[in-house]
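Trainee: Just passing along the structure, written as structure tokens.
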Amino acid sequence: MLLLREFLYVDTEKVRSLLAQIGDGGISEEIKITERVQTRLSVGAKNIANRDRDSGSESSTTRSLADAVFPALEEAMEAAGYLVDISDDLQQPEFWTDNLQDDYPEGSFVRLTAPARLFDSRYVNRIFAGLSNAAIGFTGFNPITEPANNKPGKARPTPQKPRGVVTPRESPEDEIEDFPTILFGNELTAGQLRGFARMTRGLFHTGLHLIMNPAEQEGLSVSVRLQEGRSFLESEADVLFARYGVNEQEWTVVGTIGSHSAPEDAEDESNNPFDVRSDGIDRAALTGMINRLVGGVARHGFADLPQYPGFSIVPFAVYRPIIRSLEHARTDGALV
């Protein structure tokens, strides 16, 4: 059955690496045809004229076969028994705590199709900044809504910088300007928007995230971090969200399980770095102590790590199938 894929993300470097390792010999990724026609005409007479004329036309056609690279890997890994679809298993809530980590340890090559949401803290900040600008603009041409002591568009006073003092770099939240609260009431203020934007920036590091919900149940999620520069369908967050929206959609992720989360009552036998050696500290034990602290922060949801019993997937590709409309299927007789 023909499967047409609309790729959101492809890590071409990882895909090519695996294709080479399984003995496929790689795959041609680009065909380039270049044609050049050049003529030279020279007409001259002594002390009168000498003219050179170059006319050249060059046509270059580049056909990328990048879309064929990943399907070749997906087919080869499935045939070799490495690729396992875990979509059905993860629809069962009890599977997450009973069998998940044993059946699919870190490094397992898996495919997961599930409802998912895209998230990017930069987009949140831009939306809130746009809202504040729109509110200021609205009160600018409609002064009836403007209270006398709250003039729209008036910039906040900037304190004078003492000579020799370096001003710290402005945060993205500074783009969210104060606006008259009469439009939204006190339930929505510029300060609140700046707080939300700063919170999301702290919880989600800069970049595009995919949060998957296979069991469609709170507390059971899979996190996928999409690395920039690895063949996004669209790199601009504004364009991407304008096209795909903010609601859940069904996406397919193929990749390796990066890490499983640890339960809150997991025992940690790491040593105290200050008690291991008679002099100084033990660097390995110190690393373990700091990572335990990070793990505790992650269990409460304040770090960009999966929460128990969830896990992360290192993505090789993210896509959704291109499907025919229901009406088209009826017309063709595919649906009876």
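Identifiers in the structure tokens: chain A, B, ... in order shown; residue index from 1 per chain; ligand index from 1 in order shown.
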What residues in stretch 254-328 of chain A get the DSSP label helix (DSSP H, G or I)? Please answer as a tab-separated table (two decimals) with N, CA and C atoms, in the first residue's frame.
Mentor:
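And here's states20.tsv as it stands now:
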chain	number	residue	atom	x	y	z
A	283	ARG	N	34.96	13.15	41.74
A	283	ARG	CA	34.26	13.81	40.63
A	283	ARG	C	33.07	12.98	40.15
A	284	ALA	N	33.23	11.67	40.08
A	284	ALA	CA	32.11	10.83	39.64
A	284	ALA	C	30.94	10.91	40.61
A	285	ALA	N	31.25	10.88	41.90
A	285	ALA	CA	30.18	10.98	42.90
A	285	ALA	C	29.52	12.36	42.87
A	286	LEU	N	30.32	13.41	42.60
A	286	LEU	CA	29.76	14.75	42.51
A	286	LEU	C	28.78	14.85	41.34
A	287	THR	N	29.16	14.23	40.21
A	287	THR	CA	28.26	14.22	39.06
A	287	THR	C	26.95	13.54	39.41
A	288	GLY	N	27.04	12.42	40.12
A	288	GLY	CA	25.83	11.71	40.52
A	288	GLY	C	24.96	12.54	41.44
A	289	MET	N	25.58	13.27	42.37
A	289	MET	CA	24.82	14.10	43.30
A	289	MET	C	24.06	15.21	42.57
A	290	ILE	N	24.75	15.88	41.64
A	290	ILE	CA	24.09	16.96	40.91
A	290	ILE	C	22.98	16.42	40.03
A	291	ASN	N	23.23	15.26	39.39
A	291	ASN	CA	22.19	14.67	38.55
A	291	ASN	C	20.99	14.23	39.36
A	292	ARG	N	21.21	13.80	40.61
A	292	ARG	CA	20.08	13.47	41.47
A	292	ARG	C	19.23	14.70	41.73
A	293	LEU	N	19.90	15.83	41.92
A	293	LEU	CA	19.18	17.08	42.15
A	293	LEU	C	18.36	17.46	40.91
A	294	VAL	N	18.98	17.33	39.72
A	294	VAL	CA	18.27	17.62	38.47
A	294	VAL	C	17.09	16.67	38.30
A	295	GLY	N	17.31	15.39	38.64
A	295	GLY	CA	16.23	14.42	38.53
A	295	GLY	C	15.06	14.76	39.43
A	296	GLY	N	15.35	15.27	40.63
A	296	GLY	CA	14.28	15.68	41.52
A	296	GLY	C	13.49	16.85	40.96
A	297	VAL	N	14.20	17.80	40.35
A	297	VAL	CA	13.52	18.93	39.71
A	297	VAL	C	12.65	18.43	38.56
A	298	ALA	N	13.16	17.46	37.79
A	298	ALA	CA	12.42	16.92	36.65
A	298	ALA	C	11.16	16.19	37.08
A	299	ARG	N	11.22	15.46	38.20
A	299	ARG	CA	10.05	14.71	38.67
A	299	ARG	C	8.89	15.64	38.99
A	326	LEU	N	-12.37	12.25	2.56
A	326	LEU	CA	-13.43	11.25	2.68
A	326	LEU	C	-14.34	11.27	1.46
A	327	GLU	N	-14.61	12.44	0.95
A	327	GLU	CA	-15.48	12.57	-0.22
A	327	GLU	C	-14.83	11.92	-1.44
A	328	HIS	N	-13.51	12.11	-1.60
A	328	HIS	CA	-12.80	11.51	-2.71
A	328	HIS	C	-12.84	9.99	-2.61
Trainee: Got a sec: who's within 8 Å of stretch 120-123 of chain A, counting only C-alpha atoms, leaving out chain neighbours fewer than 2 positions off, as an MDAnalysis selection string?
Mentor: chainID A and resid 118 125:127 197 200:201 204:209 237:238
Trainee: Using only C-alpha atoms, determine which residues lie at most 10 Å from A:Val246, disregarding the query and same-chain residues fewer than 6 positions distant; provide the list as number ranges by chain.
Mentor: A: 116-119, 240
Trainee: Would you export the selected residues with N, CA and C atoms as a tab-separated table (two decimals), in the first residue's frame, please?
Mentor:
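And here is the file that came out, out-v8.tsv:
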chain	number	residue	atom	x	y	z
A	116	ALA	N	-0.61	14.44	19.43
A	116	ALA	CA	0.53	15.20	19.93
A	116	ALA	C	0.31	16.68	19.72
A	117	ARG	N	0.99	17.46	20.54
A	117	ARG	CA	0.94	18.92	20.42
A	117	ARG	C	2.34	19.46	20.16
A	118	LEU	N	2.42	20.44	19.28
A	118	LEU	CA	3.66	21.17	19.07
A	118	LEU	C	3.74	22.31	20.09
A	119	PHE	N	4.95	22.60	20.53
A	119	PHE	CA	5.12	23.69	21.49
A	119	PHE	C	6.46	24.36	21.29
A	240	LEU	N	5.18	27.66	11.09
A	240	LEU	CA	4.84	26.29	11.45
A	240	LEU	C	3.52	26.23	12.22
Trainee: Atom CA of A:Ala20 and atom CA of A:Thr252 are how many Å apart?
Mentor: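 Separation between atom CA of A:Ala20 and atom CA of A:Thr252: 23.7 Å.
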Trainee: Point out the residue among A:Glu78, A:Glu6, A:Glu13, A:Asp89 with the least atom-to-atom distance to A:Pro315, counting only C-alpha atoms.
Mentor: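 Selected residue with least distance to A:Pro315: A:Glu13.
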Trainee: Using only C-alpha atoms, which of A:Gly280, A:Gly195, A:Gly137, A:Gly258 sits nearest A:Gln101?
Mentor: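 Looking only at the distances to A:Gln101, the closest residue turns out to be A:Gly258.
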Trainee: Taking into account only C-alpha atoms, which residue in the set A:Leu18, A:Val239, A:Val222, A:Ile257 is nearest to A:Gly310?
Mentor: A:Val222
Trainee: State, in Å with one decimal place, the distance from atom CA of A:Thr12 to atom CA of A:Thr256.
Mentor: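 Separating atom CA of A:Thr12 from atom CA of A:Thr256 is a distance of 14.7 Å.
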Trainee: Taking only C-alpha atoms into account, name the residue in A:Glu248, A:Asp174, A:Ala72, A:Phe316 that is nearest to A:Gln227.
Mentor: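 Smallest distance to A:Gln227 is found for A:Phe316.
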Trainee: As a PyMOL selection string, please: the residues near A:Leu305 (cut-off 8 Å, only C-alpha atoms, same-chain neighbours under 6 positions excluded).
Mentor: chain A and resi 223+261+298+312
